[in-house]
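Data block below; observations after.
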Amino acid sequence: MNRELEALILAYEKVSASQDKEAGNYLLVFESLLDGVMERQPGVSRDILRKSVIKAHRKWALAQDVKPPTIPPRA
Amino acid sequence: MELAQRLEKVFIGFMSTMTTVNLKHMAADQGSIWPNTRALGHDFAKKHIQNWCAWMDQLLSLHRSYFVYRQATPAQLKDHKTALMEALRYGLAINTVIAEPDYNEPDLTERLQVRIRQLQDAHDTFDDATLSDKQAEEVLQRVFPE
């Protein structure tokens, strides 16, 4: 897998795995990584790229051997 | 504890908090004729949004565990998409209240808006008419060549 795409997937994984204020901080990291890619890809829609990375994150998650428990943590 | 029981507990906790908030303000205003309605309304909305955020955390945890890391059945997915859409609609509705500058709860506003973004992402993962899985693959191949 392309290293830049992998970094984006792992950054989104942190967003997905976090809650409360932590989620906002990780979301900022993910968005800034995406902005970095966009600077070098002027012809690409940011929204489409963002959605594509999130779809890739799900594909990546499905392939993982270690999965989060099916009962979510308490709020 | 079963998931349904946990969710019920969140709801009951919310209703209990609401009662406490109201009584607190009424007690503080015993000496006046007019209760502090603005503070009452503000606290009521704040507690409600905090509880709503806690519920969204639960929903997003469910999404992650059952629908991102695992393949759900079509029936489960259909229910989940409806739940995400309803949560998103409600989140957007309360965002219009909390985002007003005179509400002045920036932390809570940010927390809600992050949840809305996450709910939208969760929904789009499965139900986005603007981008098929094949199109997404093509975009990624183009932007991130192996």
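Residue names in the structure tokens use chain letters A, B, ... in the order shown, residue numbers from 1 in each chain, and ligand numbers from 1 in the order shown.
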
Discussion item. Taking only C-alpha atoms into account and nothing else, which residues of chain B lie no more than 9 Å away from chain A? Please answer as a PyMOL selection string.
Written reply: chain B and resi 2-3+6+10+53-55+57-62+64-71+107+110-111+113-115+118+121-122+124-126+130-131+133+135-137+139-140+143-146

Those residues with N, CA and C atoms, as a short mmCIF file (atom, residue, chain, number, x, y, z; two decimals), in the first residue's frame please?
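part_5.cif written:
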data_model
loop_
_atom_site.label_atom_id
_atom_site.label_comp_id
_atom_site.auth_asym_id
_atom_site.auth_seq_id
_atom_site.Cartn_x
_atom_site.Cartn_y
_atom_site.Cartn_z
N GLU B 2 -26.89 -5.88 28.94
CA GLU B 2 -27.27 -5.84 27.53
C GLU B 2 -27.19 -4.42 27.01
N LEU B 3 -26.90 -4.31 25.73
CA LEU B 3 -26.76 -2.99 25.11
C LEU B 3 -28.04 -2.16 25.29
N ARG B 6 -28.24 -0.66 28.63
CA ARG B 6 -27.29 0.45 28.78
C ARG B 6 -27.85 1.73 28.19
N VAL B 10 -28.80 5.41 29.89
CA VAL B 10 -28.37 6.75 29.46
C VAL B 10 -29.58 7.67 29.43
N CYS B 53 -24.56 13.98 23.04
CA CYS B 53 -23.20 13.64 22.61
C CYS B 53 -22.81 12.25 23.15
N ALA B 54 -23.19 11.96 24.39
CA ALA B 54 -22.89 10.64 24.97
C ALA B 54 -23.59 9.55 24.16
N TRP B 55 -24.82 9.82 23.75
CA TRP B 55 -25.55 8.85 22.92
C TRP B 55 -24.87 8.68 21.57
N ASP B 57 -21.73 9.04 20.97
CA ASP B 57 -20.53 8.23 21.22
C ASP B 57 -20.89 6.74 21.17
N GLN B 58 -22.02 6.40 21.80
CA GLN B 58 -22.47 4.99 21.80
C GLN B 58 -22.77 4.52 20.37
N LEU B 59 -23.47 5.37 19.64
CA LEU B 59 -23.85 5.00 18.27
C LEU B 59 -22.61 4.83 17.39
N LEU B 60 -21.63 5.72 17.57
CA LEU B 60 -20.41 5.63 16.77
C LEU B 60 -19.57 4.41 17.17
N SER B 61 -19.61 4.04 18.46
CA SER B 61 -18.92 2.82 18.89
C SER B 61 -19.56 1.59 18.26
N LEU B 62 -20.89 1.60 18.23
CA LEU B 62 -21.62 0.51 17.56
C LEU B 62 -21.24 0.44 16.09
N ARG B 64 -18.54 1.45 14.64
CA ARG B 64 -17.17 0.95 14.48
C ARG B 64 -17.10 -0.57 14.67
N SER B 65 -17.72 -1.03 15.75
CA SER B 65 -17.59 -2.45 16.10
C SER B 65 -18.36 -3.37 15.15
N TYR B 66 -19.57 -2.95 14.80
CA TYR B 66 -20.44 -3.86 14.04
C TYR B 66 -20.44 -3.62 12.53
N PHE B 67 -20.12 -2.38 12.12
CA PHE B 67 -20.31 -2.07 10.69
C PHE B 67 -19.03 -1.66 9.96
N VAL B 68 -18.00 -1.23 10.71
CA VAL B 68 -16.72 -0.91 10.06
C VAL B 68 -15.81 -2.13 10.08
N TYR B 69 -15.68 -2.73 11.25
CA TYR B 69 -14.76 -3.87 11.40
C TYR B 69 -15.40 -5.21 11.04
N ARG B 70 -16.71 -5.19 10.88
CA ARG B 70 -17.39 -6.45 10.55
C ARG B 70 -18.44 -6.21 9.46
N GLN B 71 -18.77 -7.28 8.75
CA GLN B 71 -19.82 -7.20 7.73
C GLN B 71 -21.15 -7.48 8.43
N ASP B 107 -16.82 24.85 23.65
CA ASP B 107 -16.36 23.45 23.78
C ASP B 107 -17.47 22.47 23.38
N GLU B 110 -18.12 22.59 19.64
CA GLU B 110 -17.10 21.85 18.88
C GLU B 110 -17.33 20.35 19.01
N ARG B 111 -17.65 19.92 20.24
CA ARG B 111 -17.88 18.49 20.47
C ARG B 111 -19.05 17.99 19.61
N GLN B 113 -20.20 19.36 16.84
CA GLN B 113 -19.89 19.44 15.41
C GLN B 113 -18.95 18.31 14.96
N VAL B 114 -18.05 17.90 15.85
CA VAL B 114 -17.19 16.74 15.51
C VAL B 114 -18.06 15.48 15.38
N ARG B 115 -19.01 15.33 16.30
CA ARG B 115 -19.91 14.15 16.23
C ARG B 115 -20.72 14.18 14.93
N GLN B 118 -18.59 13.02 12.18
CA GLN B 118 -18.38 11.57 12.25
C GLN B 118 -19.63 10.80 11.81
N ASP B 121 -19.79 10.97 8.06
CA ASP B 121 -18.81 10.03 7.50
C ASP B 121 -19.33 8.59 7.59
N ALA B 122 -19.89 8.26 8.76
CA ALA B 122 -20.41 6.90 8.97
C ALA B 122 -21.51 6.60 7.96
N ASP B 124 -22.06 8.10 5.03
CA ASP B 124 -21.56 8.10 3.66
C ASP B 124 -20.79 6.82 3.31
N THR B 125 -20.22 6.17 4.33
CA THR B 125 -19.46 4.95 4.07
C THR B 125 -20.31 3.92 3.34
N PHE B 126 -21.61 3.90 3.67
CA PHE B 126 -22.48 2.88 3.09
C PHE B 126 -23.50 3.42 2.11
N THR B 130 -23.05 9.78 -4.46
CA THR B 130 -22.10 10.56 -5.27
C THR B 130 -20.79 9.81 -5.52
N LEU B 131 -20.58 8.70 -4.82
CA LEU B 131 -19.29 8.00 -4.97
C LEU B 131 -19.45 6.49 -4.76
N ASP B 133 -18.00 2.49 -4.78
CA ASP B 133 -16.74 1.88 -4.32
C ASP B 133 -15.71 1.86 -5.46
N GLN B 135 -15.51 3.95 -8.05
CA GLN B 135 -14.99 5.32 -8.27
C GLN B 135 -13.96 5.67 -7.20
N ALA B 136 -14.25 5.28 -5.97
CA ALA B 136 -13.31 5.56 -4.87
C ALA B 136 -11.96 4.89 -5.13
N GLU B 137 -12.03 3.63 -5.58
CA GLU B 137 -10.80 2.89 -5.90
C GLU B 137 -10.00 3.62 -6.97
N VAL B 139 -10.03 6.81 -7.76
CA VAL B 139 -9.45 8.05 -7.22
C VAL B 139 -8.18 7.72 -6.44
N LEU B 140 -8.26 6.70 -5.59
CA LEU B 140 -7.11 6.35 -4.76
C LEU B 140 -5.93 5.88 -5.61
N VAL B 143 -4.38 9.08 -7.10
CA VAL B 143 -3.70 9.99 -6.16
C VAL B 143 -2.56 9.29 -5.42
N PHE B 144 -2.75 8.00 -5.13
CA PHE B 144 -1.73 7.26 -4.37
C PHE B 144 -1.26 6.05 -5.17
N PRO B 145 -0.49 6.27 -6.22
CA PRO B 145 -0.01 5.10 -7.00
C PRO B 145 0.89 4.22 -6.14
N GLU B 146 0.82 2.94 -6.43
CA GLU B 146 1.65 1.98 -5.65
C GLU B 146 3.14 2.20 -5.91
#

Item to complete: Excluding Asn95 (chain B) and any residue of its chain fewer than 5 positions from it, enumerate the residues within 12 Å of it, using only C-alpha atoms, and give them as a PyMOL selection string.
Response: chain B and resi 45-46+49+52-53+87-90+100-101+103+105-106+108-117

Discussion item. One number please: CA of Lys81 (chain B) to CA of Lys47 (chain B), in Å, one decimal.
Written reply: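 If I compute the distance from CA of Lys81 (chain B) to CA of Lys47 (chain B), I get 26.5 Å.
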
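When CA of Lys134 (chain B) is paired with CA of Lys14 (chain A), their separation reads 25.2 Å.
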